[in-house]
$ cat target.cif   # mmCIF, C-alpha atoms and all ligand atoms
data_model
#
loop_
_atom_site.label_atom_id
_atom_site.label_comp_id
_atom_site.auth_asym_id
_atom_site.auth_seq_id
_atom_site.Cartn_x
_atom_site.Cartn_y
_atom_site.Cartn_z
CA MET A 11 3.11 -14.56 -3.15
CA THR A 12 6.18 -13.89 -5.28
CA LYS A 13 9.72 -14.75 -4.29
CA ASN A 14 12.32 -12.18 -3.34
CA THR A 15 13.02 -10.29 -6.53
CA LYS A 16 13.92 -6.84 -7.67
CA ILE A 17 10.77 -4.75 -7.68
CA LEU A 18 10.62 -1.28 -9.20
CA ILE A 19 7.69 0.95 -8.25
CA LYS A 20 7.50 3.68 -10.87
CA ASN A 21 5.98 7.16 -10.93
CA GLY A 22 3.95 7.03 -7.75
CA ARG A 23 3.44 9.93 -5.38
CA VAL A 24 5.74 8.83 -2.59
CA VAL A 25 4.72 10.06 0.85
CA ASP A 26 7.28 9.35 3.55
CA ALA A 27 6.83 11.46 6.68
CA ASP A 28 10.06 10.11 8.16
CA ASN A 29 12.06 11.79 5.39
CA ASN A 30 9.74 14.74 4.84
CA LEU A 31 9.09 13.47 1.38
CA ASP A 32 6.04 14.02 -0.81
CA ALA A 33 6.99 13.80 -4.49
CA VAL A 34 6.60 11.71 -7.62
CA LEU A 35 9.48 9.23 -7.47
CA ASP A 36 10.51 5.65 -8.19
CA ILE A 37 11.41 3.13 -5.49
CA LEU A 38 13.68 0.15 -6.03
CA VAL A 39 13.39 -2.89 -3.79
CA GLU A 40 16.10 -5.55 -3.69
CA ASN A 41 16.22 -8.55 -1.40
CA SER A 42 13.71 -7.36 1.19
CA ARG A 43 15.09 -3.83 1.46
CA ILE A 44 14.60 -0.44 -0.16
CA THR A 45 17.78 0.27 -2.12
CA GLN A 46 16.92 3.44 -4.02
CA VAL A 47 14.35 6.25 -3.92
CA ALA A 48 14.86 8.62 -6.85
CA LYS A 49 13.51 9.94 -10.11
CA ASN A 50 13.72 7.77 -13.24
CA ILE A 51 15.38 4.66 -11.85
CA THR A 52 16.23 2.37 -14.78
CA ASN A 53 17.71 -0.59 -12.96
CA GLY A 54 16.55 -3.82 -14.60
CA ALA A 55 13.91 -5.03 -12.20
CA SER A 56 12.10 -8.33 -12.71
CA GLU A 57 8.82 -6.81 -11.59
CA ILE A 58 7.73 -3.29 -12.47
CA ILE A 59 4.72 -1.71 -10.80
CA ASP A 60 3.29 1.29 -12.60
CA ALA A 61 2.14 3.57 -9.78
CA THR A 62 1.18 6.53 -11.97
CA GLY A 63 -1.69 8.38 -10.27
CA LYS A 64 -1.25 6.25 -7.15
CA ILE A 65 0.09 7.03 -3.70
CA VAL A 66 3.05 5.04 -2.39
CA LEU A 67 3.28 4.78 1.39
CA PRO A 68 5.15 2.80 4.01
CA GLY A 69 3.15 -0.31 4.99
CA LEU A 70 0.84 0.39 7.90
CA VAL A 71 1.84 -0.50 11.45
CA ASP A 72 -1.28 -1.50 13.38
CA MET A 73 -0.51 -1.67 17.08
CA HIS A 74 -3.81 -3.23 18.18
CA VAL A 75 -5.16 -6.40 16.56
CA HIS A 76 -6.79 -9.55 17.88
CA LEU A 77 -5.70 -12.56 15.83
CA ARG A 78 -7.35 -15.02 18.26
CA GLU A 79 -4.72 -17.69 17.95
CA PRO A 80 -4.18 -19.84 19.93
CA GLY A 81 -7.63 -20.95 21.04
CA ARG A 82 -10.28 -19.21 18.98
CA GLU A 83 -9.34 -20.26 15.48
CA ASP A 84 -13.06 -20.21 14.61
CA LYS A 85 -12.93 -16.39 14.85
CA GLU A 86 -9.53 -15.77 13.23
CA THR A 87 -6.08 -17.26 12.81
CA VAL A 88 -2.67 -15.75 12.26
CA ALA A 89 -2.97 -16.95 8.65
CA SER A 90 -6.40 -15.42 7.96
CA GLY A 91 -5.80 -12.29 10.01
CA SER A 92 -2.46 -11.55 8.39
CA GLN A 93 -3.98 -12.11 4.95
CA ALA A 94 -6.66 -9.56 5.88
CA ALA A 95 -3.86 -7.27 7.05
CA ALA A 96 -2.07 -7.56 3.70
CA LYS A 97 -5.29 -6.67 1.88
CA GLY A 98 -5.74 -3.65 4.14
CA GLY A 99 -2.20 -2.41 3.58
CA VAL A 100 -1.00 -3.42 7.05
CA THR A 101 2.50 -4.90 6.92
CA SER A 102 3.13 -5.01 10.66
CA CYS A 103 0.70 -5.69 13.45
CA LEU A 104 0.81 -6.22 17.18
CA ALA A 105 -1.23 -9.22 18.33
CA MET A 106 -3.09 -8.76 21.61
CA PRO A 107 -2.62 -11.42 24.31
CA ASN A 108 -6.29 -12.09 25.19
CA THR A 109 -6.14 -15.46 23.49
CA GLN A 110 -7.02 -18.84 25.01
CA PRO A 111 -4.72 -19.43 26.77
CA ALA A 112 -3.52 -15.87 27.29
CA ILE A 113 0.03 -15.01 26.21
CA ASP A 114 1.20 -14.82 29.81
CA CYS A 115 4.26 -17.09 29.88
CA VAL A 116 7.24 -18.06 27.75
CA GLU A 117 5.66 -21.40 26.74
CA ASN A 118 2.56 -19.73 25.32
CA MET A 119 4.70 -17.16 23.56
CA ARG A 120 6.68 -19.94 21.93
CA VAL A 121 3.49 -21.59 20.69
CA LEU A 122 2.39 -18.32 19.09
CA LYS A 123 5.84 -17.54 17.70
CA ASN A 124 5.86 -20.90 16.02
CA ILE A 125 2.43 -20.30 14.45
CA ILE A 126 3.55 -16.85 13.26
CA GLN A 127 6.73 -18.23 11.77
CA LYS A 128 4.79 -20.86 9.85
CA THR A 129 1.67 -18.97 8.77
CA ALA A 130 1.99 -15.17 8.93
CA LYS A 131 1.79 -13.25 5.64
CA VAL A 132 2.95 -9.98 7.20
CA ASN A 133 5.07 -9.07 10.22
CA VAL A 134 3.23 -10.11 13.37
CA PHE A 135 4.61 -8.92 16.69
CA ILE A 136 3.45 -10.13 20.08
CA ALA A 137 2.10 -8.28 23.09
CA ALA A 138 2.23 -10.36 26.28
CA SER A 139 -0.10 -9.91 29.21
CA ILE A 140 0.72 -7.90 32.32
CA THR A 141 -0.94 -10.34 34.70
CA ARG A 142 -1.36 -14.11 34.70
CA ASN A 143 -4.39 -15.09 32.66
CA ARG A 144 -5.18 -11.36 32.52
CA LEU A 145 -6.91 -11.66 35.87
CA GLY A 146 -5.23 -8.63 37.42
CA LYS A 147 -3.96 -10.63 40.42
CA GLU A 148 -0.39 -11.75 39.78
CA LEU A 149 2.28 -10.25 37.50
CA THR A 150 3.68 -12.23 34.60
CA ASP A 151 7.46 -12.63 34.29
CA ILE A 152 7.84 -9.48 32.21
CA ALA A 153 11.61 -9.75 31.91
CA LYS A 154 11.39 -13.27 30.51
CA LEU A 155 8.57 -12.34 28.12
CA LYS A 156 10.62 -9.40 26.86
CA LYS A 157 13.60 -11.68 26.38
CA GLU A 158 11.39 -14.06 24.39
CA GLY A 159 10.53 -11.17 22.05
CA ALA A 160 7.37 -9.53 23.43
CA LEU A 161 7.16 -5.97 22.13
CA ALA A 162 4.70 -4.68 24.70
CA ILE A 163 2.67 -5.72 27.72
CA THR A 164 -1.07 -5.23 28.09
CA ASP A 165 -4.09 -6.91 29.66
CA ASP A 166 -6.18 -5.53 26.78
CA GLY A 167 -9.85 -6.30 27.11
CA ALA A 168 -9.35 -5.39 30.75
CA SER A 169 -7.46 -2.87 32.85
CA VAL A 170 -5.23 -3.75 35.80
CA ASP A 171 -7.38 -2.42 38.66
CA SER A 172 -4.77 -2.57 41.41
CA ASP A 173 -2.65 0.60 41.48
CA GLU A 174 0.02 -1.24 43.43
CA LEU A 175 0.29 -4.06 40.89
CA MET A 176 0.31 -1.61 37.98
CA VAL A 177 3.10 0.43 39.60
CA ARG A 178 5.17 -2.73 39.96
CA ALA A 179 4.49 -3.66 36.33
CA LEU A 180 5.49 -0.20 35.11
CA LYS A 181 8.70 -0.18 37.13
CA ILE A 182 9.68 -3.51 35.60
CA ALA A 183 8.59 -2.33 32.14
CA LEU A 184 10.81 0.75 32.49
CA GLY A 185 13.81 -1.36 33.50
CA GLN A 186 13.19 -3.86 30.72
CA LYS A 187 12.47 -1.17 28.12
CA ILE A 188 9.15 -2.71 27.17
CA LEU A 189 6.06 -0.62 26.46
CA ALA A 190 2.96 -0.84 28.64
CA ILE A 191 -0.29 -0.48 26.70
CA CYS A 192 -3.34 0.45 28.77
CA HIS A 193 -6.90 -0.55 28.02
CA SER A 194 -8.13 2.16 30.35
CA GLU A 195 -11.48 1.09 31.76
CA ASP A 196 -12.74 1.11 35.33
CA LYS A 197 -15.06 -1.91 35.36
CA SER A 198 -16.61 -0.85 38.64
CA LEU A 199 -17.91 2.21 36.80
CA ALA A 200 -18.60 0.60 33.41
CA GLN A 201 -20.35 -2.36 35.09
CA LYS A 202 -22.43 -4.37 32.66
CA GLY A 203 -22.99 -1.52 30.22
CA VAL A 204 -23.21 -2.22 26.49
CA VAL A 205 -23.61 1.21 24.86
CA ASN A 206 -22.62 4.80 25.63
CA LEU A 207 -24.37 6.10 28.74
CA GLY A 208 -26.77 8.91 27.87
CA TYR A 209 -29.33 9.44 25.15
CA THR A 210 -28.63 6.14 23.38
CA SER A 211 -28.76 3.96 26.47
CA THR A 212 -32.00 5.66 27.53
CA ARG A 213 -33.60 5.40 24.08
CA LEU A 214 -32.66 1.76 23.67
CA GLY A 215 -33.31 0.75 27.26
CA LEU A 216 -29.81 -0.72 27.43
CA ARG A 217 -27.28 -0.35 30.22
CA GLY A 218 -24.82 2.47 29.64
CA ILE A 219 -21.03 2.75 29.86
CA SER A 220 -20.09 6.18 31.18
CA ARG A 221 -17.27 8.29 29.83
CA GLU A 222 -16.00 8.46 33.42
CA SER A 223 -15.28 4.74 33.35
CA GLU A 224 -12.74 5.49 30.63
CA TYR A 225 -11.28 8.87 31.51
CA GLN A 226 -10.94 8.27 35.25
CA ARG A 227 -8.81 5.25 34.43
CA VAL A 228 -6.90 7.28 31.81
CA ALA A 229 -6.19 9.79 34.60
CA ARG A 230 -4.99 6.97 36.86
CA ASP A 231 -2.76 5.51 34.15
CA ILE A 232 -1.24 8.94 33.47
CA ALA A 233 -0.64 9.44 37.20
CA LEU A 234 1.20 6.11 37.34
CA ALA A 235 3.29 7.03 34.29
CA LYS A 236 4.26 10.23 36.08
CA LYS A 237 5.05 8.44 39.33
CA THR A 238 7.14 5.64 37.77
CA LYS A 239 8.54 7.61 34.80
CA ALA A 240 7.68 4.61 32.61
CA PRO A 241 6.21 5.36 29.19
CA VAL A 242 2.53 4.47 28.96
CA HIS A 243 0.45 4.06 25.82
CA ILE A 244 -3.33 4.48 26.14
CA THR A 245 -5.16 2.49 23.49
CA HIS A 246 -8.54 3.03 21.81
CA VAL A 247 -9.26 6.47 23.21
CA SER A 248 -12.94 7.26 22.60
CA CYS A 249 -14.04 10.32 24.57
CA ARG A 250 -13.23 14.00 24.79
CA GLU A 251 -12.11 14.04 28.42
CA SER A 252 -9.48 11.37 27.69
CA VAL A 253 -8.10 13.50 24.85
CA GLU A 254 -8.02 16.52 27.18
CA LEU A 255 -6.22 14.60 29.97
CA ILE A 256 -3.64 13.20 27.55
CA SER A 257 -3.10 16.65 26.08
CA GLN A 258 -2.42 18.12 29.53
CA ALA A 259 -0.11 15.23 30.46
CA LYS A 260 1.92 15.68 27.29
CA LYS A 261 2.31 19.39 28.01
CA LYS A 262 3.71 18.49 31.44
CA GLY A 263 6.27 16.19 29.81
CA ILE A 264 4.74 12.93 31.07
CA LYS A 265 5.66 10.06 28.76
CA VAL A 266 2.21 9.21 27.48
CA THR A 267 1.10 8.36 23.95
CA CYS A 268 -2.25 7.20 22.63
CA ASP A 269 -4.17 5.76 19.72
CA THR A 270 -7.75 5.80 18.57
CA CYS A 271 -9.61 3.57 16.10
CA PRO A 272 -11.40 4.41 12.84
CA HIS A 273 -14.81 3.81 14.43
CA TYR A 274 -14.17 6.45 17.09
CA PHE A 275 -13.41 9.21 14.60
CA SER A 276 -16.07 8.26 12.03
CA LEU A 277 -19.12 6.86 13.86
CA ASP A 278 -21.16 8.20 16.75
CA GLU A 279 -23.67 6.53 19.04
CA ASP A 280 -26.60 7.31 16.73
CA VAL A 281 -25.66 4.34 14.52
CA VAL A 282 -26.38 2.04 17.46
CA LEU A 283 -30.06 3.05 17.49
CA ALA A 284 -30.82 0.28 14.96
CA TYR A 285 -29.57 -2.31 17.48
CA ASP A 286 -26.86 -3.40 15.03
CA THR A 287 -24.48 -5.49 17.13
CA ASN A 288 -21.59 -4.76 14.76
CA MET A 289 -21.70 -1.30 16.34
CA LYS A 290 -21.16 -2.82 19.78
CA VAL A 291 -17.55 -2.13 20.64
CA ASN A 292 -15.64 -1.47 23.84
CA PRO A 293 -15.20 1.39 24.59
CA PRO A 294 -18.59 2.18 23.06
CA LEU A 295 -19.28 4.61 20.21
CA ARG A 296 -19.71 7.97 21.92
CA GLY A 297 -21.46 11.27 21.20
CA LYS A 298 -20.84 13.80 18.44
CA ALA A 299 -18.78 16.06 20.69
CA ASP A 300 -16.49 13.12 21.48
CA VAL A 301 -16.03 12.29 17.78
CA ALA A 302 -15.21 15.96 17.11
CA SER A 303 -12.66 15.98 19.89
CA ILE A 304 -10.98 12.76 18.69
CA ARG A 305 -10.71 14.30 15.20
CA GLN A 306 -9.26 17.46 16.70
CA GLY A 307 -6.77 15.35 18.66
CA LEU A 308 -5.69 13.64 15.45
CA LYS A 309 -5.19 17.00 13.82
CA ASN A 310 -3.29 18.69 16.63
CA GLY A 311 -1.11 15.69 17.46
CA VAL A 312 -2.52 14.72 20.86
CA VAL A 313 -3.68 11.44 19.31
CA ASP A 314 -0.46 9.86 18.04
CA ALA A 315 -1.70 6.83 16.19
CA ILE A 316 -4.60 5.05 14.54
CA ALA A 317 -5.02 1.33 15.29
CA SER A 318 -7.83 -0.93 14.15
CA ASP A 319 -8.65 -2.90 17.33
CA HIS A 320 -9.46 -5.62 14.79
CA ALA A 321 -11.77 -7.75 16.95
CA PRO A 322 -13.19 -10.72 15.03
CA HIS A 323 -16.21 -12.59 16.41
CA THR A 324 -18.32 -15.38 14.92
CA GLU A 325 -21.87 -14.87 13.70
CA ASN A 326 -23.12 -16.89 16.69
CA GLU A 327 -21.53 -14.36 19.02
CA LYS A 328 -22.79 -11.31 17.14
CA ASP A 329 -26.13 -12.18 15.56
CA ILE A 330 -27.92 -12.31 18.92
CA GLU A 331 -29.58 -9.90 21.38
CA PHE A 332 -27.57 -6.71 21.81
CA GLU A 333 -26.84 -7.30 25.49
CA ARG A 334 -25.44 -10.78 24.90
CA ALA A 335 -23.38 -10.01 21.78
CA GLU A 336 -19.58 -9.74 22.03
CA PHE A 337 -17.84 -6.36 21.85
CA GLY A 338 -15.77 -5.65 18.75
CA SER A 339 -15.53 -4.87 15.04
CA ILE A 340 -13.06 -6.18 12.51
CA GLY A 341 -10.92 -3.40 11.08
CA LEU A 342 -7.80 -4.53 9.25
CA GLU A 343 -9.37 -4.36 5.79
CA THR A 344 -11.11 -1.01 6.27
CA GLU A 345 -8.84 1.15 8.45
CA LEU A 346 -6.93 2.74 5.60
CA ALA A 347 -10.01 3.45 3.48
CA VAL A 348 -11.98 4.83 6.44
CA SER A 349 -9.00 7.04 7.28
CA ILE A 350 -8.65 8.26 3.68
CA THR A 351 -12.40 8.89 3.38
CA GLU A 352 -12.82 10.60 6.75
CA LEU A 353 -9.49 12.36 7.24
CA ILE A 354 -7.93 12.97 3.82
CA HIS A 355 -10.95 13.63 1.59
CA THR A 356 -12.40 15.95 4.26
CA GLY A 357 -9.15 17.93 4.36
CA LEU A 358 -8.57 17.23 8.07
CA LEU A 359 -5.15 15.62 7.58
CA SER A 360 -2.46 15.72 4.90
CA TRP A 361 -1.12 12.46 3.48
CA SER A 362 2.06 12.99 5.42
CA ALA A 363 0.12 13.45 8.67
CA LEU A 364 -1.88 10.30 7.94
CA VAL A 365 1.31 8.30 7.35
CA LYS A 366 2.45 9.39 10.79
CA LYS A 367 -0.76 8.15 12.43
CA LEU A 368 -0.92 4.84 10.58
CA ALA A 369 2.74 3.90 10.22
CA LEU A 370 5.54 6.11 11.52
CA ASN A 371 4.26 7.00 15.00
CA PRO A 372 3.12 3.47 15.96
CA ALA A 373 6.48 2.14 14.72
CA ARG A 374 8.33 4.66 16.86
CA ILE A 375 6.13 4.04 19.90
CA LEU A 376 6.87 0.32 19.60
CA GLY A 377 10.56 0.87 18.86
CA LEU A 378 10.35 -0.66 15.38
CA ASN A 379 12.44 0.57 12.49
CA LYS A 380 9.38 0.66 10.26
CA GLY A 381 6.86 3.17 8.95
CA THR A 382 9.59 4.67 6.76
CA LEU A 383 10.73 4.54 3.14
CA SER A 384 14.37 5.29 3.93
CA VAL A 385 17.03 3.61 1.80
CA GLY A 386 18.15 0.56 3.74
CA ALA A 387 14.82 0.11 5.55
CA ASP A 388 12.72 -3.05 5.28
CA ALA A 389 10.73 -2.97 2.03
CA ASP A 390 7.26 -2.71 3.62
CA ILE A 391 5.46 -0.61 1.04
CA ILE A 392 1.90 -0.11 -0.19
CA VAL A 393 0.53 1.31 -3.43
CA VAL A 394 -2.85 2.96 -2.97
CA ALA A 395 -5.48 4.23 -5.42
CA PRO A 396 -6.68 7.18 -3.33
CA ASP A 397 -9.95 8.02 -5.09
CA LYS A 398 -11.20 4.58 -6.06
CA GLU A 399 -14.59 3.98 -4.46
CA TRP A 400 -15.77 0.63 -3.13
CA GLN A 401 -18.46 -0.76 -0.92
CA VAL A 402 -17.75 -2.76 2.22
CA GLU A 403 -19.32 -6.20 1.67
CA LYS A 404 -19.28 -9.28 3.86
CA GLU A 405 -18.35 -11.53 0.94
CA ASN A 406 -15.13 -9.66 0.20
CA PHE A 407 -13.48 -9.90 3.62
CA LEU A 408 -10.47 -12.16 3.92
CA SER A 409 -10.86 -12.15 7.67
CA LYS A 410 -12.59 -15.28 9.00
CA SER A 411 -15.11 -13.09 10.79
CA LYS A 412 -17.38 -10.58 9.07
CA ASN A 413 -18.41 -8.37 12.01
CA SER A 414 -17.54 -4.97 10.58
CA ALA A 415 -19.05 -1.72 11.84
CA PHE A 416 -18.60 -0.41 8.29
CA LEU A 417 -20.66 -3.02 6.39
CA GLY A 418 -22.57 -1.44 3.52
CA ARG A 419 -20.57 1.79 3.56
CA ARG A 420 -19.01 3.30 0.50
CA LEU A 421 -15.37 4.21 1.05
CA LYS A 422 -12.70 5.89 -1.01
CA GLY A 423 -9.18 4.54 -1.32
CA ILE A 424 -8.12 1.00 -2.10
CA VAL A 425 -4.85 -0.91 -1.72
CA GLU A 426 -3.48 -2.04 -5.11
CA TYR A 427 -0.26 -3.67 -3.87
CA THR A 428 1.15 -4.61 -0.51
CA ILE A 429 4.84 -5.41 -0.35
CA CYS A 430 6.16 -6.91 2.87
CA GLN A 431 9.88 -7.54 3.33
CA GLY A 432 10.36 -7.18 -0.41
CA ARG A 433 7.63 -9.64 -1.41
CA ILE A 434 4.30 -8.84 -3.00
CA VAL A 435 1.90 -10.28 -0.41
CA TYR A 436 -1.27 -8.75 -1.87
CA LYS A 437 -2.34 -7.51 -5.27
CA ASN A 438 -5.80 -6.12 -6.06
CA GLU A 439 -7.04 -8.19 -8.99
CA VAL A 440 -10.70 -7.25 -8.65
CA SER A 441 -11.14 -3.63 -9.59
O1 LIG B 1 -14.33 -4.15 21.31
C1 LIG B 1 -13.42 -4.76 21.86
N1 LIG B 1 -13.12 -6.03 21.53
N2 LIG B 1 -12.72 -4.14 22.84
C2 LIG B 1 -11.81 -4.79 23.58
O2 LIG B 1 -11.24 -4.18 24.45
C3 LIG B 1 -11.56 -6.23 23.37
C4 LIG B 1 -11.91 -6.64 22.01
C5 LIG B 1 -11.97 -8.14 21.83
O3 LIG B 1 -11.04 -8.84 22.22
O4 LIG B 1 -12.94 -8.63 21.21
ZN ZN B 2 -9.15 -2.96 24.53
#
$ encode --input "target.cif" --output "structure tokens" --more "lines below"
Ligand code: DOR
Ligand code: ZN
Amino acid sequence: MTKNTKILIKNGRVVDADNNLDAVLDILVENSRITQVAKNITNGASEIIDATGKIVLPGLVDMHVHLREPGREDKETVASGSQAAAKGGVTSCLAMPNTQPAIDCVENMRVLKNIIQKTAKVNVFIAASITRNRLGKELTDIAKLKKEGALAITDDGASVDSDELMVRALKIALGQKILAICHSEDKSLAQKGVVNLGYTSTRLGLRGISRESEYQRVARDIALAKKTKAPVHITHVSCRESVELISQAKKKGIKVTCDTCPHYFSLDEDVVLAYDTNMKVNPPLRGKADVASIRQGLKNGVVDAIASDHAPHTENEKDIEFERAEFGSIGLETELAVSITELIHTGLLSWSALVKKLALNPARILGLNKGTLSVGADADIIVVAPDKEWQVEKENFLSKSKNSAFLGRRLKGIVEYTICQGRIVYKNEVS
């Protein structure tokens, strides 16, 4: 990591959706901020990055990551997870509260804030839980958690089943101006399922998770957003009915936003047929029609954001029978390349549209002044080689855990530099 210096990024194709910008330009960074975006800047910088032939983007804002600290440092830590983030081009991430203990009180938030302050390589923001210990029984002190700096509330990993409790949480969230993020899953419908219900569950003889278990809860969460007028963000949308419901809600003016993850727009349930537990995620990989509808939602704007749901697990928790393995795939180091490969190189999205999904929209949803290359903004910038091909290999992950659904895949697009708050926090020295 280099100290705060003047950094000049020269001749890159700068894509900044916030300023409707897509042109070959230079960017000057001074003392953690962007101070100039123009052609042929000649200011004497101490570090010059030649970005000829490269794409220069705002650092990614990933609104769904599991950093596992405190409590499961064997899976990931703030240090290892944020290093993985830097490698993946993610300069800001939102840490989910399903840690041990859960981030459900001011004391636990302070513990995590202290760890972040000491060890984070990129900006790490905190989501606190909606209910105590995420048990869905008793609300946390949302006002206090907000005051302590929580950016959102969520019981991620679980949904708050009680309508009455969720209404109370949303009313407080509205008053406190804190975002509620919904992991929309009706456990009474999903039961002990491990893969998508249908052909795959039948073929494999494994218990299925229906699409209803997701979209009926999406419908409930939308209804509560309408009733309380509180903004609601639905995370990791995986099936076509959810996209349809969110589309209709948006048309009615209900304050709902949503994200999906790279695995839901690039993989379908067929990849689970080999019993590879890295493909076991929650919600599960769905059918081809669902993948098509998620991609359509990304294109037409119904799906606002892409988040990784970076979910590290140890080999002991993954390299076992499918039914016993944990749900989740790591994603911080692959989300940009999967997005470039699947959305840019296929022509589905423009670079500007992709910047919205990966940086600008999540920043706006969270109320962060990020995801932009405006003069005066925090210098969170990445330099990307868009066509460079690489293979996803266990050995190359900086994350402590290696459970990636994309292992062995060839992807296009690699991060050459990640600058966070004006410091170079990652540089690709390998290829
Ligand atoms: O696949 C998942 N893993 N989905 C979740 O909702 C939770 C996450 C985790 O914490 O491992
Ligand atoms: Zn979740």
$ residues_near_ligand --input "target.cif" --ligand "ligand LIG 1 (chain B)" --cutoff "10 Å" --atoms "all atoms listed in the file" --output "PyMOL selection string"
chain A and resi 74-78+106-109+165-169+193-195+245-246+288-294+319-323+336-340
$ atom_distance --input "target.cif" --atom1 "CA of Ser414 in chain A" --atom2 "CA of Gln93 in chain A"
16.3 Å
$ atom_distance --input "target.cif" --atom1 "CA of Ala89 in chain A" --atom2 "CA of Ser411 in chain A"
12.9 Å
$ residues_around --input "target.cif" --residues "range 122-130 of chain A" --least-positions-apart "6" --cutoff "7 Å" --atoms "all atoms listed in the file" --output "PDB file with C-alpha atoms, in the coordinates of the input"
ATOM      1  CA  PRO A  80      -4.180 -19.840  19.930  1.00  0.00           C
ATOM      2  CA  VAL A  88      -2.670 -15.750  12.260  1.00  0.00           C
ATOM      3  CA  ALA A  89      -2.970 -16.950   8.650  1.00  0.00           C
ATOM      4  CA  SER A  92      -2.460 -11.550   8.390  1.00  0.00           C
TER       5      SER A  92
END
$ residues_around --input "target.cif" --residues "range 387-403 of chain A" --least-positions-apart "4" --cutoff "6 Å" --atoms "all atoms listed in the file" --output "PyMOL selection string"
chain A and resi 42-44+64-69+417-432
$ write_last_selection --input "target.cif" --atoms "C-alpha atoms" --output "PDB file, in the frame of the given file"
ATOM      1  CA  SER A  42      13.710  -7.360   1.190  1.00  0.00           C
ATOM      2  CA  ARG A  43      15.090  -3.830   1.460  1.00  0.00           C
ATOM      3  CA  ILE A  44      14.600  -0.440  -0.160  1.00  0.00           C
ATOM      4  CA  LYS A  64      -1.250   6.250  -7.150  1.00  0.00           C
ATOM      5  CA  ILE A  65       0.090   7.030  -3.700  1.00  0.00           C
ATOM      6  CA  VAL A  66       3.050   5.040  -2.390  1.00  0.00           C
ATOM      7  CA  LEU A  67       3.280   4.780   1.390  1.00  0.00           C
ATOM      8  CA  PRO A  68       5.150   2.800   4.010  1.00  0.00           C
ATOM      9  CA  GLY A  69       3.150  -0.310   4.990  1.00  0.00           C
ATOM     10  CA  LEU A 417     -20.660  -3.020   6.390  1.00  0.00           C
ATOM     11  CA  GLY A 418     -22.570  -1.440   3.520  1.00  0.00           C
ATOM     12  CA  ARG A 419     -20.570   1.790   3.560  1.00  0.00           C
ATOM     13  CA  ARG A 420     -19.010   3.300   0.500  1.00  0.00           C
ATOM     14  CA  LEU A 421     -15.370   4.210   1.050  1.00  0.00           C
ATOM     15  CA  LYS A 422     -12.700   5.890  -1.010  1.00  0.00           C
ATOM     16  CA  GLY A 423      -9.180   4.540  -1.320  1.00  0.00           C
ATOM     17  CA  ILE A 424      -8.120   1.000  -2.100  1.00  0.00           C
ATOM     18  CA  VAL A 425      -4.850  -0.910  -1.720  1.00  0.00           C
ATOM     19  CA  GLU A 426      -3.480  -2.040  -5.110  1.00  0.00           C
ATOM     20  CA  TYR A 427      -0.260  -3.670  -3.870  1.00  0.00           C
ATOM     21  CA  THR A 428       1.150  -4.610  -0.510  1.00  0.00           C
ATOM     22  CA  ILE A 429       4.840  -5.410  -0.350  1.00  0.00           C
ATOM     23  CA  CYS A 430       6.160  -6.910   2.870  1.00  0.00           C
ATOM     24  CA  GLN A 431       9.880  -7.540   3.330  1.00  0.00           C
ATOM     25  CA  GLY A 432      10.360  -7.180  -0.410  1.00  0.00           C
TER      26      GLY A 432
END
$ residues_around --input "target.cif" --residues "Arg221 in chain A" --least-positions-apart "6" --cutoff "8 Å" --atoms "only C-alpha atoms" --output "PyMOL selection string"
chain A and resi 206-207+249+251
$ atom_distance --input "target.cif" --atom1 "CA of Gly203 in chain A" --atom2 "CA of Ile140 in chain A"
24.6 Å
$ closest_residue --input "target.cif" --among "A:Leu216, A:Ile354, A:Ala105, A:Leu180" --to "Ala235 in chain A" --atoms "all atoms listed in the file"
A:Leu180
$ closest_residue --input "target.cif" --among "A:Leu149, A:Val177, A:Leu359, A:Ile219" --to "Leu199 in chain A" --atoms "all atoms listed in the file"
A:Ile219
$ closest_residue --input "target.cif" --among "A:Thr164, A:Asn413, A:Asn53, A:Thr238" --to "ligand ZN 2 (chain B)" --atoms "all atoms listed in the file"
A:Thr164
$ closest_residue --input "target.cif" --among "A:Ser220, A:Ser248, A:Thr351, A:Ser362" --to "ligand ZN 2 (chain B)" --atoms "only C-alpha atoms and all ligand atoms"
A:Ser248
